[in-house]
>>> print(open('final_38.cif').read())   # mmCIF, C-alpha atoms and all ligand atoms
data_target
#
loop_
_atom_site.label_atom_id
_atom_site.label_comp_id
_atom_site.auth_asym_id
_atom_site.auth_seq_id
_atom_site.Cartn_x
_atom_site.Cartn_y
_atom_site.Cartn_z
CA MET A 1 -17.05 -33.36 -9.14
CA SER A 2 -19.45 -32.93 -12.07
CA ASN A 3 -18.50 -33.58 -15.68
CA PHE A 4 -18.59 -29.87 -16.30
CA SER A 5 -16.06 -29.05 -13.64
CA ASN A 6 -13.89 -31.97 -14.80
CA VAL A 7 -13.79 -30.41 -18.23
CA SER A 8 -13.13 -26.97 -16.79
CA ARG A 9 -10.34 -28.31 -14.70
CA ARG A 10 -8.73 -30.08 -17.69
CA GLN A 11 -9.04 -26.97 -19.82
CA PHE A 12 -7.64 -24.91 -17.03
CA VAL A 13 -4.54 -27.12 -16.69
CA THR A 14 -4.10 -26.76 -20.45
CA ILE A 15 -4.19 -22.98 -20.15
CA ALA A 16 -1.83 -22.95 -17.21
CA GLY A 17 0.61 -25.12 -19.17
CA VAL A 18 0.90 -22.76 -22.12
CA SER A 19 3.58 -20.08 -22.20
CA THR A 20 2.62 -17.41 -19.73
CA ALA A 21 3.77 -14.83 -22.25
CA ALA A 22 0.79 -15.67 -24.42
CA VAL A 23 -1.59 -15.29 -21.49
CA LEU A 24 0.10 -12.05 -20.58
CA LEU A 25 -0.26 -10.64 -24.07
CA LYS A 26 -3.93 -11.53 -24.11
CA GLY A 27 -4.21 -9.99 -20.67
CA CYS A 28 -2.88 -6.71 -22.01
CA LEU A 29 -5.95 -6.50 -24.18
CA GLY A 30 -8.11 -7.14 -21.15
CA ASN A 31 -9.50 -10.39 -22.54
CA PRO A 32 -10.16 -13.53 -20.56
CA PRO A 33 -7.91 -16.48 -21.43
CA GLU A 34 -9.08 -18.66 -24.29
CA THR A 35 -10.61 -21.96 -23.28
CA THR A 36 -8.93 -24.06 -25.99
CA THR A 37 -5.22 -23.66 -26.46
CA SER A 38 -2.53 -25.96 -27.72
CA THR A 39 0.14 -26.74 -25.16
CA SER A 40 2.81 -27.72 -27.64
CA THR A 41 4.07 -24.63 -29.45
CA PRO A 42 5.90 -22.07 -27.37
CA VAL A 43 4.78 -18.60 -28.39
CA SER A 44 7.49 -16.31 -29.59
CA SER A 45 7.12 -12.82 -28.18
CA PRO A 46 9.17 -9.87 -26.92
CA VAL A 47 8.79 -11.24 -23.40
CA SER A 48 10.23 -14.61 -24.36
CA SER A 49 12.06 -14.99 -21.05
CA ALA A 50 8.73 -16.03 -19.53
CA GLN A 51 8.89 -19.49 -18.00
CA PRO A 52 6.04 -21.98 -17.91
CA ALA A 53 4.00 -21.77 -14.73
CA ALA A 54 2.66 -24.72 -12.77
CA ALA A 55 -1.10 -24.88 -12.27
CA PRO A 56 -2.42 -23.11 -9.16
CA GLU A 57 -3.47 -25.48 -6.34
CA VAL A 58 -6.66 -23.48 -5.80
CA GLN A 59 -8.44 -20.87 -7.89
CA THR A 60 -9.81 -18.81 -5.05
CA ILE A 61 -8.62 -16.69 -2.11
CA LYS A 62 -10.28 -14.03 0.04
CA LEU A 63 -8.44 -10.71 0.32
CA GLY A 64 -9.42 -7.72 2.42
CA TYR A 65 -9.08 -4.11 1.23
CA LEU A 66 -9.81 -0.57 2.40
CA PRO A 67 -11.51 1.99 0.08
CA ILE A 68 -8.41 4.09 -0.67
CA VAL A 69 -6.27 4.20 -3.82
CA GLU A 70 -3.83 1.68 -2.32
CA ALA A 71 -6.43 -1.03 -3.05
CA ALA A 72 -6.57 -0.31 -6.79
CA PRO A 73 -4.30 -3.19 -7.93
CA LEU A 74 -6.58 -5.71 -6.18
CA ILE A 75 -9.80 -4.18 -7.50
CA ILE A 76 -8.44 -3.68 -11.03
CA ALA A 77 -6.99 -7.22 -11.17
CA LYS A 78 -10.42 -8.54 -10.34
CA GLU A 79 -12.43 -6.19 -12.58
CA LYS A 80 -10.17 -6.39 -15.65
CA GLY A 81 -9.77 -10.17 -15.42
CA PHE A 82 -6.03 -10.13 -14.63
CA PHE A 83 -6.40 -12.65 -11.80
CA ALA A 84 -8.36 -14.89 -14.17
CA ASN A 85 -5.68 -14.51 -16.87
CA HIS A 86 -3.22 -16.22 -14.56
CA GLY A 87 -5.49 -19.05 -13.43
CA MET A 88 -7.18 -17.41 -10.41
CA PRO A 89 -10.71 -16.73 -11.69
CA ASP A 90 -12.36 -16.76 -8.27
CA VAL A 91 -10.41 -14.22 -6.18
CA LYS A 92 -12.73 -12.61 -3.63
CA ILE A 93 -11.97 -9.08 -2.55
CA ASP A 94 -13.75 -8.00 0.55
CA LYS A 95 -14.14 -4.36 1.73
CA GLN A 96 -13.09 -3.99 5.36
CA ALA A 97 -14.88 -1.58 7.70
CA ASN A 98 -11.54 -0.37 9.10
CA TRP A 99 -7.97 -1.51 9.79
CA GLY A 100 -8.97 -3.16 13.06
CA ALA A 101 -11.51 -5.29 11.21
CA ALA A 102 -8.90 -6.17 8.55
CA ARG A 103 -6.58 -7.36 11.32
CA ASP A 104 -9.32 -9.36 13.08
CA ASN A 105 -10.43 -10.97 9.82
CA VAL A 106 -6.96 -12.18 8.86
CA LYS A 107 -6.49 -13.55 12.37
CA ILE A 108 -9.61 -15.72 11.94
CA GLY A 109 -8.67 -16.72 8.38
CA SER A 110 -11.09 -17.42 5.53
CA ALA A 111 -12.03 -20.81 7.03
CA GLY A 112 -13.51 -18.93 9.99
CA GLY A 113 -15.32 -16.38 7.83
CA GLY A 114 -12.41 -13.92 7.73
CA THR A 115 -9.76 -13.39 5.06
CA ASP A 116 -6.52 -15.00 3.89
CA GLY A 117 -4.72 -11.66 3.64
CA GLY A 118 -4.94 -8.44 1.66
CA GLN A 119 -3.88 -4.80 1.82
CA TRP A 120 -1.80 -3.57 4.78
CA GLN A 121 -0.20 -0.50 6.21
CA MET A 122 3.26 -1.13 7.59
CA PRO A 123 4.42 -2.68 9.79
CA MET A 124 1.04 -4.44 10.34
CA PRO A 125 2.15 -7.76 8.77
CA TYR A 126 5.04 -7.81 11.29
CA LEU A 127 2.83 -6.84 14.23
CA ILE A 128 0.34 -9.59 13.28
CA SER A 129 3.11 -12.16 12.71
CA GLU A 130 4.53 -11.39 16.16
CA GLY A 131 1.14 -11.32 17.89
CA ILE A 132 1.68 -7.70 18.95
CA ILE A 133 -1.74 -6.44 17.76
CA THR A 134 -3.55 -9.80 17.84
CA ASP A 135 -3.80 -10.45 21.60
CA LYS A 136 -0.48 -12.32 21.62
CA VAL A 137 -1.73 -14.82 19.01
CA LYS A 138 1.00 -15.05 16.40
CA VAL A 139 -0.41 -15.26 12.87
CA PRO A 140 2.65 -15.53 10.60
CA MET A 141 2.26 -13.43 7.44
CA TYR A 142 4.25 -13.06 4.21
CA ILE A 143 4.71 -9.71 2.49
CA LEU A 144 4.56 -10.45 -1.25
CA ALA A 145 4.41 -7.09 -3.05
CA GLN A 146 4.16 -3.39 -2.47
CA LEU A 147 0.80 -2.14 -3.74
CA ASN A 148 1.67 1.54 -4.26
CA THR A 149 3.79 4.54 -3.45
CA GLN A 150 2.55 8.09 -2.61
CA GLY A 151 -1.14 9.01 -2.83
CA ASN A 152 -1.54 10.09 0.81
CA GLY A 153 -1.68 13.45 2.52
CA ILE A 154 -2.20 15.41 5.71
CA ALA A 155 -5.46 17.35 5.89
CA ILE A 156 -5.75 20.42 8.17
CA ALA A 157 -8.98 22.07 9.36
CA ASN A 158 -9.91 25.26 7.48
CA LYS A 159 -9.63 27.42 10.62
CA HIS A 160 -5.84 27.15 10.26
CA LEU A 161 -5.77 28.42 6.67
CA GLY A 162 -3.29 31.20 6.00
CA LYS A 163 -1.14 30.52 9.08
CA GLY A 164 1.85 29.08 7.26
CA VAL A 165 1.08 25.40 7.90
CA SER A 166 2.53 23.73 4.83
CA ILE A 167 5.14 21.05 4.08
CA LYS A 168 7.55 23.38 5.90
CA ILE A 169 5.78 25.11 8.75
CA ALA A 170 6.53 28.82 9.13
CA GLU A 171 7.04 29.96 12.74
CA GLN A 172 6.33 26.39 13.70
CA VAL A 173 7.05 26.56 17.40
CA ALA A 174 4.90 29.67 17.89
CA PHE A 175 1.92 28.18 16.02
CA PHE A 176 1.73 25.01 18.11
CA SER A 177 2.76 26.51 21.46
CA LYS A 178 0.17 29.28 21.16
CA LEU A 179 -2.55 26.64 20.79
CA LYS A 180 -1.05 24.60 23.63
CA SER A 181 -0.94 27.51 26.09
CA ALA A 182 -4.50 28.47 25.11
CA GLY A 183 -5.56 25.00 26.26
CA ALA A 184 -6.40 23.98 22.68
CA LYS A 185 -3.52 21.66 21.83
CA PHE A 186 -3.38 20.84 18.11
CA LYS A 187 -5.08 17.46 17.63
CA ALA A 188 -3.90 15.23 14.80
CA ALA A 189 -5.64 11.96 13.97
CA TYR A 190 -5.30 8.77 11.97
CA THR A 191 -7.50 5.71 11.69
CA PHE A 192 -5.03 3.12 12.99
CA PRO A 193 -2.11 3.71 15.35
CA LYS A 194 1.58 2.86 14.94
CA ALA A 195 1.40 2.42 11.16
CA ASN A 196 1.93 4.52 7.98
CA GLN A 197 -0.63 7.21 8.71
CA GLU A 198 0.78 7.92 12.16
CA PHE A 199 4.36 7.71 10.86
CA TRP A 200 3.71 10.34 8.14
CA ILE A 201 2.13 12.83 10.52
CA ARG A 202 4.90 12.27 13.10
CA TYR A 203 7.62 12.58 10.47
CA TRP A 204 6.15 15.80 9.08
CA LEU A 205 5.87 17.38 12.55
CA ALA A 206 9.26 16.24 13.85
CA GLY A 207 10.91 17.25 10.55
CA ASN A 208 9.59 20.75 11.30
CA GLY A 209 10.99 20.69 14.83
CA ILE A 210 7.66 19.91 16.54
CA ASP A 211 7.69 17.12 19.12
CA PRO A 212 4.55 15.11 18.28
CA ASP A 213 4.34 13.66 21.80
CA SER A 214 4.47 16.92 23.77
CA GLU A 215 3.43 19.77 21.44
CA VAL A 216 0.38 18.17 19.83
CA GLU A 217 -2.15 15.51 20.73
CA LEU A 218 -2.25 12.42 18.52
CA LEU A 219 -5.34 10.28 18.46
CA THR A 220 -7.02 7.39 16.65
CA VAL A 221 -10.40 8.22 15.12
CA PRO A 222 -12.76 5.73 13.45
CA THR A 223 -12.70 6.09 9.65
CA ALA A 224 -16.37 7.03 9.43
CA GLN A 225 -15.85 9.93 11.85
CA THR A 226 -12.73 11.55 10.41
CA VAL A 227 -14.33 14.06 8.03
CA ALA A 228 -17.15 14.94 10.45
CA ASP A 229 -14.70 15.48 13.32
CA LEU A 230 -12.50 17.72 11.19
CA LYS A 231 -15.59 19.71 10.20
CA ARG A 232 -16.82 20.03 13.80
CA GLY A 233 -13.38 21.12 14.97
CA VAL A 234 -12.94 18.07 17.24
CA MET A 235 -9.57 17.65 15.56
CA ASP A 236 -7.19 19.92 13.66
CA ALA A 237 -5.58 17.44 11.27
CA PHE A 238 -5.69 13.95 9.95
CA SER A 239 -3.54 11.78 7.79
CA THR A 240 -5.23 9.79 5.05
CA GLY A 241 -5.14 8.23 1.58
CA ASP A 242 -6.57 9.56 -1.70
CA PRO A 243 -9.23 10.47 -2.60
CA TRP A 244 -10.07 11.80 0.89
CA PRO A 245 -7.68 14.79 0.92
CA THR A 246 -9.22 16.01 -2.36
CA ARG A 247 -12.71 15.47 -1.00
CA ILE A 248 -11.94 17.53 2.10
CA VAL A 249 -10.76 20.46 -0.01
CA ALA A 250 -13.71 20.09 -2.40
CA ASP A 251 -16.13 20.13 0.54
CA LYS A 252 -14.33 23.22 1.96
CA ILE A 253 -13.69 21.47 5.27
CA GLY A 254 -9.94 21.82 5.18
CA PHE A 255 -6.75 22.09 3.16
CA ILE A 256 -3.74 19.84 2.65
CA SER A 257 -0.53 20.83 4.40
CA ALA A 258 1.62 18.14 2.83
CA LEU A 259 1.41 15.28 0.39
CA THR A 260 3.34 12.23 1.51
CA ALA A 261 5.16 12.52 -1.85
CA GLU A 262 6.53 15.82 -0.49
CA ILE A 263 7.59 14.32 2.85
CA TRP A 264 9.41 11.42 1.16
CA LYS A 265 9.29 11.16 -2.63
CA ASN A 266 8.64 7.59 -3.83
CA HIS A 267 8.15 6.41 -0.25
CA PRO A 268 6.96 2.90 0.60
CA GLU A 269 3.20 2.89 1.26
CA GLU A 270 0.94 -0.16 1.47
CA TYR A 271 1.53 -3.85 0.83
CA LEU A 272 -0.02 -7.13 -0.20
CA ALA A 273 0.52 -9.65 2.60
CA ILE A 274 -1.06 -13.07 3.01
CA ARG A 275 -1.09 -15.63 5.81
CA LYS A 276 2.00 -17.84 5.72
CA ASP A 277 -0.09 -21.03 6.07
CA TRP A 278 -2.05 -20.14 2.91
CA VAL A 279 1.08 -19.32 0.86
CA ASP A 280 3.00 -22.41 2.04
CA LYS A 281 0.05 -24.61 1.07
CA ASN A 282 -0.57 -22.88 -2.28
CA PRO A 283 2.76 -21.77 -3.74
CA ASN A 284 1.62 -21.82 -7.38
CA ALA A 285 -1.64 -20.03 -6.61
CA THR A 286 0.40 -17.40 -4.74
CA LYS A 287 2.51 -16.72 -7.82
CA ALA A 288 -0.58 -16.71 -10.07
CA LEU A 289 -2.18 -14.17 -7.74
CA LEU A 290 0.98 -12.04 -7.73
CA LYS A 291 1.07 -12.05 -11.52
CA GLY A 292 -2.50 -10.77 -11.57
CA VAL A 293 -1.53 -7.99 -9.16
CA MET A 294 1.56 -7.09 -11.20
CA GLU A 295 -0.40 -6.96 -14.43
CA ALA A 296 -2.93 -4.70 -12.71
CA GLN A 297 -0.13 -2.46 -11.40
CA GLN A 298 1.26 -2.10 -14.93
CA TRP A 299 -2.22 -1.23 -16.19
CA CYS A 300 -2.81 1.28 -13.37
CA ASP A 301 0.48 3.06 -14.09
CA ASN A 302 -0.58 3.86 -17.64
CA PHE A 303 -2.11 7.33 -17.21
CA ASP A 304 -4.25 6.68 -20.31
CA ASN A 305 -6.09 4.10 -18.18
CA ARG A 306 -6.68 6.34 -15.18
CA LYS A 307 -10.05 7.64 -16.31
CA GLU A 308 -11.34 4.09 -16.58
CA MET A 309 -9.66 3.30 -13.28
CA ALA A 310 -11.45 6.22 -11.58
CA SER A 311 -14.73 5.01 -13.08
CA ILE A 312 -14.21 1.47 -11.72
CA LEU A 313 -13.04 2.55 -8.25
CA SER A 314 -15.87 5.09 -7.89
CA LYS A 315 -18.53 2.35 -8.05
CA ARG A 316 -20.72 1.99 -5.00
CA GLU A 317 -19.37 -1.47 -4.11
CA TYR A 318 -15.81 -0.12 -4.05
CA PHE A 319 -15.24 3.50 -2.94
CA GLY A 320 -18.68 5.00 -3.55
CA VAL A 321 -17.33 8.49 -4.36
CA PRO A 322 -17.83 10.65 -7.47
CA GLU A 323 -15.47 9.75 -10.30
CA THR A 324 -14.21 13.35 -10.62
CA VAL A 325 -13.03 13.39 -6.99
CA LEU A 326 -10.94 10.30 -7.77
CA LEU A 327 -9.64 11.33 -11.16
CA GLU A 328 -7.92 14.55 -10.08
CA PRO A 329 -5.47 13.00 -7.60
CA LEU A 330 -5.01 9.99 -9.89
CA MET A 331 -3.73 12.42 -12.54
CA GLY A 332 -1.37 14.14 -10.05
CA LYS A 333 -3.64 17.21 -9.83
CA TYR A 334 -3.98 18.31 -6.23
CA ASN A 335 -5.81 21.37 -5.02
CA LEU A 336 -4.23 21.65 -1.58
CA GLY A 337 -6.30 24.68 -0.59
CA GLU A 338 -3.51 27.25 -0.31
CA ARG A 339 -1.52 25.93 -3.24
CA SER A 340 -1.80 23.35 -5.97
CA VAL A 341 0.28 20.57 -7.50
CA ASP A 342 0.01 19.36 -11.10
CA ASP A 343 2.67 16.70 -11.52
CA LYS A 344 2.12 13.05 -12.44
CA SER A 345 5.29 12.06 -10.59
CA MET A 346 3.58 13.17 -7.35
CA ALA A 347 0.51 10.97 -7.93
CA VAL A 348 -0.05 7.50 -6.57
CA LEU A 349 2.14 5.08 -8.56
CA TYR A 350 1.87 1.31 -8.73
CA TRP A 351 4.50 -0.30 -10.93
CA LYS A 352 7.49 2.00 -11.39
CA ASP A 353 8.70 5.30 -10.01
CA GLU A 354 11.81 7.46 -10.35
CA LYS A 355 13.71 5.16 -7.98
CA GLY A 356 12.83 1.85 -9.64
CA SER A 357 10.23 -0.78 -8.90
CA VAL A 358 7.13 0.05 -6.88
CA SER A 359 5.71 -3.47 -6.87
CA TYR A 360 8.87 -5.18 -5.59
CA PRO A 361 8.87 -5.27 -1.76
CA TYR A 362 12.29 -3.87 -0.81
CA GLN A 363 13.45 -5.31 2.50
CA SER A 364 15.23 -2.00 3.19
CA HIS A 365 11.83 -0.32 3.43
CA ASP A 366 10.58 -2.85 5.98
CA LEU A 367 13.69 -2.01 7.97
CA TRP A 368 12.77 1.70 7.89
CA PHE A 369 9.29 0.97 9.26
CA LEU A 370 10.76 -1.16 12.05
CA THR A 371 13.41 1.51 12.79
CA GLU A 372 10.75 4.23 12.88
CA SER A 373 8.75 2.04 15.28
CA VAL A 374 11.81 1.92 17.55
CA ARG A 375 12.27 5.70 17.15
CA TRP A 376 8.86 6.40 18.67
CA GLY A 377 9.01 3.66 21.29
CA PHE A 378 6.36 1.50 19.58
CA LEU A 379 8.71 -1.48 19.47
CA PRO A 380 11.56 -2.29 21.88
CA LYS A 381 15.08 -1.16 21.02
CA ASP A 382 16.30 -4.76 20.55
CA THR A 383 14.01 -4.97 17.48
CA LEU A 384 16.89 -3.52 15.47
CA ALA A 385 19.20 -6.39 16.42
CA LYS A 386 16.53 -8.90 15.41
CA ALA A 387 15.28 -6.98 12.37
CA LYS A 388 17.30 -8.83 9.74
CA ASP A 389 15.96 -12.26 10.80
CA LEU A 390 12.44 -10.94 11.23
CA ILE A 391 12.44 -9.35 7.78
CA LYS A 392 13.78 -12.55 6.20
CA GLN A 393 10.87 -14.47 7.72
CA VAL A 394 8.13 -12.03 6.74
CA ASN A 395 9.29 -10.35 3.51
CA ARG A 396 9.18 -12.92 0.69
CA GLU A 397 10.71 -10.82 -2.07
CA ASP A 398 12.01 -14.14 -3.48
CA ILE A 399 8.45 -15.17 -4.38
CA TRP A 400 7.90 -11.80 -6.10
CA ARG A 401 11.05 -12.39 -8.16
CA GLU A 402 9.97 -15.89 -9.19
CA ALA A 403 6.53 -14.66 -10.23
CA ALA A 404 8.03 -11.73 -12.15
CA LYS A 405 10.43 -14.02 -14.01
CA GLU A 406 7.71 -16.53 -14.88
CA MET A 407 5.59 -13.68 -16.15
CA GLY A 408 8.37 -12.40 -18.39
CA VAL A 409 8.93 -9.06 -16.62
CA ALA A 410 11.98 -7.38 -18.19
CA ALA A 411 15.18 -8.03 -16.26
CA ALA A 412 15.65 -4.26 -15.89
CA ASP A 413 12.38 -4.11 -13.91
CA ILE A 414 13.46 -6.80 -11.42
CA PRO A 415 15.64 -5.21 -8.72
CA THR A 416 18.95 -6.94 -8.17
CA SER A 417 19.21 -5.96 -4.50
CA THR A 418 16.82 -6.30 -1.54
CA SER A 419 17.87 -2.74 -0.62
CA ARG A 420 16.86 0.44 -2.46
CA GLY A 421 19.86 2.13 -0.85
CA VAL A 422 20.04 5.42 1.03
CA GLU A 423 16.70 7.27 1.35
CA GLU A 424 16.31 11.04 1.83
CA PHE A 425 13.44 12.92 3.49
CA PHE A 426 12.14 16.49 3.05
CA ASP A 427 14.12 17.77 6.04
CA GLY A 428 17.41 16.47 4.62
CA THR A 429 17.58 13.48 6.98
CA LYS A 430 19.01 10.33 5.44
CA PHE A 431 18.27 6.69 6.18
CA ASP A 432 21.02 4.25 5.25
CA PRO A 433 19.62 0.71 5.55
CA GLU A 434 23.17 -0.49 6.21
CA ASN A 435 23.19 1.57 9.39
CA PRO A 436 19.75 2.23 10.90
CA GLN A 437 21.39 3.21 14.21
CA ALA A 438 23.11 6.17 12.51
CA TYR A 439 19.67 7.34 11.32
CA LEU A 440 18.28 7.11 14.87
CA ASP A 441 21.34 8.93 16.23
CA SER A 442 20.91 11.74 13.68
CA LEU A 443 17.29 12.49 14.70
CA LYS A 444 16.73 15.29 17.21
CA ILE A 445 13.19 14.29 18.19
CA LYS A 446 12.74 10.66 19.23
CA ARG A 447 11.71 8.46 22.17
CA VAL A 448 14.69 6.11 22.06
CA CA B 1 -2.07 4.77 3.14
#
>>> encode(input="final_38.cif", output="structure tokens")
Amino acid sequence: MSNFSNVSRRQFVTIAGVSTAAVLLKGCLGNPPETTTSTSTPVSSPVSSAQPAAAPEVQTIKLGYLPIVEAAPLIIAKEKGFFANHGMPDVKIDKQANWGAARDNVKIGSAGGGTDGGQWQMPMPYLISEGIITDKVKVPMYILAQLNTQGNGIAIANKHLGKGVSIKIAEQVAFFSKLKSAGAKFKAAYTFPKANQEFWIRYWLAGNGIDPDSEVELLTVPTAQTVADLKRGVMDAFSTGDPWPTRIVADKIGFISALTAEIWKNHPEEYLAIRKDWVDKNPNATKALLKGVMEAQQWCDNFDNRKEMASILSKREYFGVPETVLLEPLMGKYNLGERSVDDKSMAVLYWKDEKGSVSYPYQSHDLWFLTESVRWGFLPKDTLAKAKDLIKQVNREDIWREAAKEMGVAAADIPTSTSRGVEEFFDGTKFDPENPQAYLDSLKIKRV
């Protein structure tokens, strides 16, 4: 180690030893931490419940992300210096070509040229932990935070405009059966199977009385092909994250039948999950990383910051789309083609929503994803009996809590229960996490 890095290391330990509240306050101004700070005087501040944090074991990690608004907390934490504020100046965020690549890269790990973790649809961290989508190789993962809620939608090809295909589908059976008997079954796509995007499209159809397995054709389409295939009429619909629904309307390729915020307001969306071996080896770095993510989520939820956020995300190395295409959905302004929405509570949210915390990973939401997987026959029925143990192994909400407390997050913003309670969907169906079987029993369309 050179003299320089010795000095840096010593200074770094000094910074890490000071009250995190001070670092947090500096972070709010978007400044990097000071390099000379006294360790002795605790800083008095409104967030005085902050506890001193131990120095991170490492200052680097490699996280994968996909170019959709879900990734914003990772990109913003990096760009605004929030990771650095908490002692993780060298976080690498790596754009993934698609979800399959994200999965393959976390399986290899950063030592093999892959990643240590990153952004995930659900229940991917479970499927990877159990070896279900990794050729039977179990790669245990920890879910550490939810990245966002809402911000996704279902795009429909323009040829179906004006036929009553909306959040509630008018004359639903006739619309789909007419196509089916004409030999042109409605084709709905997503970029990765058995995860959020497929769940939203299935829920929307089944909630309208359409059996997604017999009345329509569901298919996986590579990300790069989705817009072109919708344009060419190869498919009729696809489920995707912002800003793509807005882009499709702007390019006059299609319209949006439903925002996911309409299917399930404040629904769970995507998560930060990291390999268990990395977290177990680097517990302090994990909390430092989480604090950077949380600070970014707070910043992202301030609508005054969303113009700057759109400008950062639009850069070529991140999303590579025009800033205006990003800004509209970020402000809750959606031109859905046949109708429009202008409501910030329907936009992608990162820190808080009407139901409470967005960042905190509720175990009750993991249970919904596992239950929904059983509903459609993606996971065996006995998953429900094992779900509690499985969730305890994978969902580390306890680490989120510790990080939040150390950071001085207000007690009111730290959920007291691992369950968000009973959830309600657009069709009136309810999911009580205390009784997932009752939810399955109540559903008319299912494979279980
Ligand atoms: Ca998504």
>>> closest_atom_pairs(input="final_38.cif", of="chain A", to="ligand CA 1 (chain B)", cutoff="9 Å", atoms="only C-alpha atoms and all ligand atoms", output="JSON lines")
{"residue": "A:Ile68", "atom": "CA", "partner": "B:CA1", "partner_atom": "CA", "distance": 7.4}
{"residue": "A:Val69", "atom": "CA", "partner": "B:CA1", "partner_atom": "CA", "distance": 8.1}
{"residue": "A:Glu70", "atom": "CA", "partner": "B:CA1", "partner_atom": "CA", "distance": 6.5}
{"residue": "A:Trp120", "atom": "CA", "partner": "B:CA1", "partner_atom": "CA", "distance": 8.5}
{"residue": "A:Gln121", "atom": "CA", "partner": "B:CA1", "partner_atom": "CA", "distance": 6.4}
{"residue": "A:Asn148", "atom": "CA", "partner": "B:CA1", "partner_atom": "CA", "distance": 8.9}
{"residue": "A:Thr149", "atom": "CA", "partner": "B:CA1", "partner_atom": "CA", "distance": 8.8}
{"residue": "A:Gln150", "atom": "CA", "partner": "B:CA1", "partner_atom": "CA", "distance": 8.1}
{"residue": "A:Gly151", "atom": "CA", "partner": "B:CA1", "partner_atom": "CA", "distance": 7.4}
{"residue": "A:Asn152", "atom": "CA", "partner": "B:CA1", "partner_atom": "CA", "distance": 5.8}
{"residue": "A:Gly153", "atom": "CA", "partner": "B:CA1", "partner_atom": "CA", "distance": 8.7}
{"residue": "A:Asn196", "atom": "CA", "partner": "B:CA1", "partner_atom": "CA", "distance": 6.3}
{"residue": "A:Gln197", "atom": "CA", "partner": "B:CA1", "partner_atom": "CA", "distance": 6.2}
{"residue": "A:Ser239", "atom": "CA", "partner": "B:CA1", "partner_atom": "CA", "distance": 8.5}
{"residue": "A:Thr240", "atom": "CA", "partner": "B:CA1", "partner_atom": "CA", "distance": 6.2}
{"residue": "A:Gly241", "atom": "CA", "partner": "B:CA1", "partner_atom": "CA", "distance": 4.9}
{"residue": "A:Asp242", "atom": "CA", "partner": "B:CA1", "partner_atom": "CA", "distance": 8.2}
{"residue": "A:Glu269", "atom": "CA", "partner": "B:CA1", "partner_atom": "CA", "distance": 5.9}
{"residue": "A:Glu270", "atom": "CA", "partner": "B:CA1", "partner_atom": "CA", "distance": 6.0}
>>> atom_distance(input="final_38.cif", atom1="atom CA of A:Ser442", atom2="atom CA of A:Gly428")
10.8 Å
>>> atom_distance(input="final_38.cif", atom1="atom CA of A:Ala438", atom2="atom CA of A:Thr371")
10.8 Å
>>> atom_distance(input="final_38.cif", atom1="atom CA of A:Leu290", atom2="atom CA of A:Trp400")
7.1 Å
>>> residues_around(input="final_38.cif", residues="stretch 343-360 of chain A", least_positions_apart="5", cutoff="6 Å", atoms="only C-alpha atoms", output="ChimeraX atom specification")
/A:145-151,261,297-298,301,330-332
>>> closest_residue(input="final_38.cif", among="A:Asp277, A:Asp213, A:Glu295, A:Asp116", to="A:Leu74", atoms="only C-alpha atoms")
A:Glu295
>>> residues_around(input="final_38.cif", residues="A:Val422", least_positions_apart="4", cutoff="8 Å", atoms="only C-alpha atoms", output="PyMOL selection string")
chain A and resi 430-433
>>> closest_residue(input="final_38.cif", among="A:Tyr65, A:Phe238, A:Tyr142, A:Phe378", to="A:Phe255", atoms="all atoms listed in the file")
A:Phe238
>>> residues_around(input="final_38.cif", residues="A:Trp368", least_positions_apart="6", cutoff="12 Å", atoms="all atoms listed in the file", output="PyMOL selection string")
chain A and resi 122-123+195-196+199+267-269+362+374-375+383-384+387-388+391+419-424+430-437+439-440
>>> closest_residue(input="final_38.cif", among="A:Pro56, A:Glu215, A:Leu205, A:Ile75", to="A:Ala310", atoms="only C-alpha atoms")
A:Ile75
>>> closest_residue(input="final_38.cif", among="A:Met141, A:Met294, A:Ile132, A:Ala288", to="A:Ile76", atoms="only C-alpha atoms")
A:Met294
>>> closest_residue(input="final_38.cif", among="A:Ala155, A:Asn284, A:Ile256, A:Ser340", to="A:Val227", atoms="all atoms listed in the file")
A:Ala155
>>> closest_residue(input="final_38.cif", among="A:Ala101, A:Ser214, A:Gly113, A:Val106", to="A:Thr191", atoms="all atoms listed in the file")
A:Ala101
>>> residues_around(input="final_38.cif", residues="A:Thr324", least_positions_apart="2", cutoff="12 Å", atoms="all atoms listed in the file", output="short mmCIF file (atom, residue, chain, number, x, y, z; two decimals) with C-alpha atoms, in the coordinates of the input")
data_model
loop_
_atom_site.label_atom_id
_atom_site.label_comp_id
_atom_site.auth_asym_id
_atom_site.auth_seq_id
_atom_site.Cartn_x
_atom_site.Cartn_y
_atom_site.Cartn_z
CA PRO A 243 -9.23 10.47 -2.60
CA THR A 246 -9.22 16.01 -2.36
CA ARG A 247 -12.71 15.47 -1.00
CA ALA A 250 -13.71 20.09 -2.40
CA ARG A 306 -6.68 6.34 -15.18
CA LYS A 307 -10.05 7.64 -16.31
CA GLU A 308 -11.34 4.09 -16.58
CA MET A 309 -9.66 3.30 -13.28
CA ALA A 310 -11.45 6.22 -11.58
CA SER A 311 -14.73 5.01 -13.08
CA ILE A 312 -14.21 1.47 -11.72
CA LEU A 313 -13.04 2.55 -8.25
CA SER A 314 -15.87 5.09 -7.89
CA GLY A 320 -18.68 5.00 -3.55
CA VAL A 321 -17.33 8.49 -4.36
CA PRO A 322 -17.83 10.65 -7.47
CA LEU A 326 -10.94 10.30 -7.77
CA LEU A 327 -9.64 11.33 -11.16
CA GLU A 328 -7.92 14.55 -10.08
CA PRO A 329 -5.47 13.00 -7.60
CA LEU A 330 -5.01 9.99 -9.89
CA MET A 331 -3.73 12.42 -12.54
CA LYS A 333 -3.64 17.21 -9.83
#
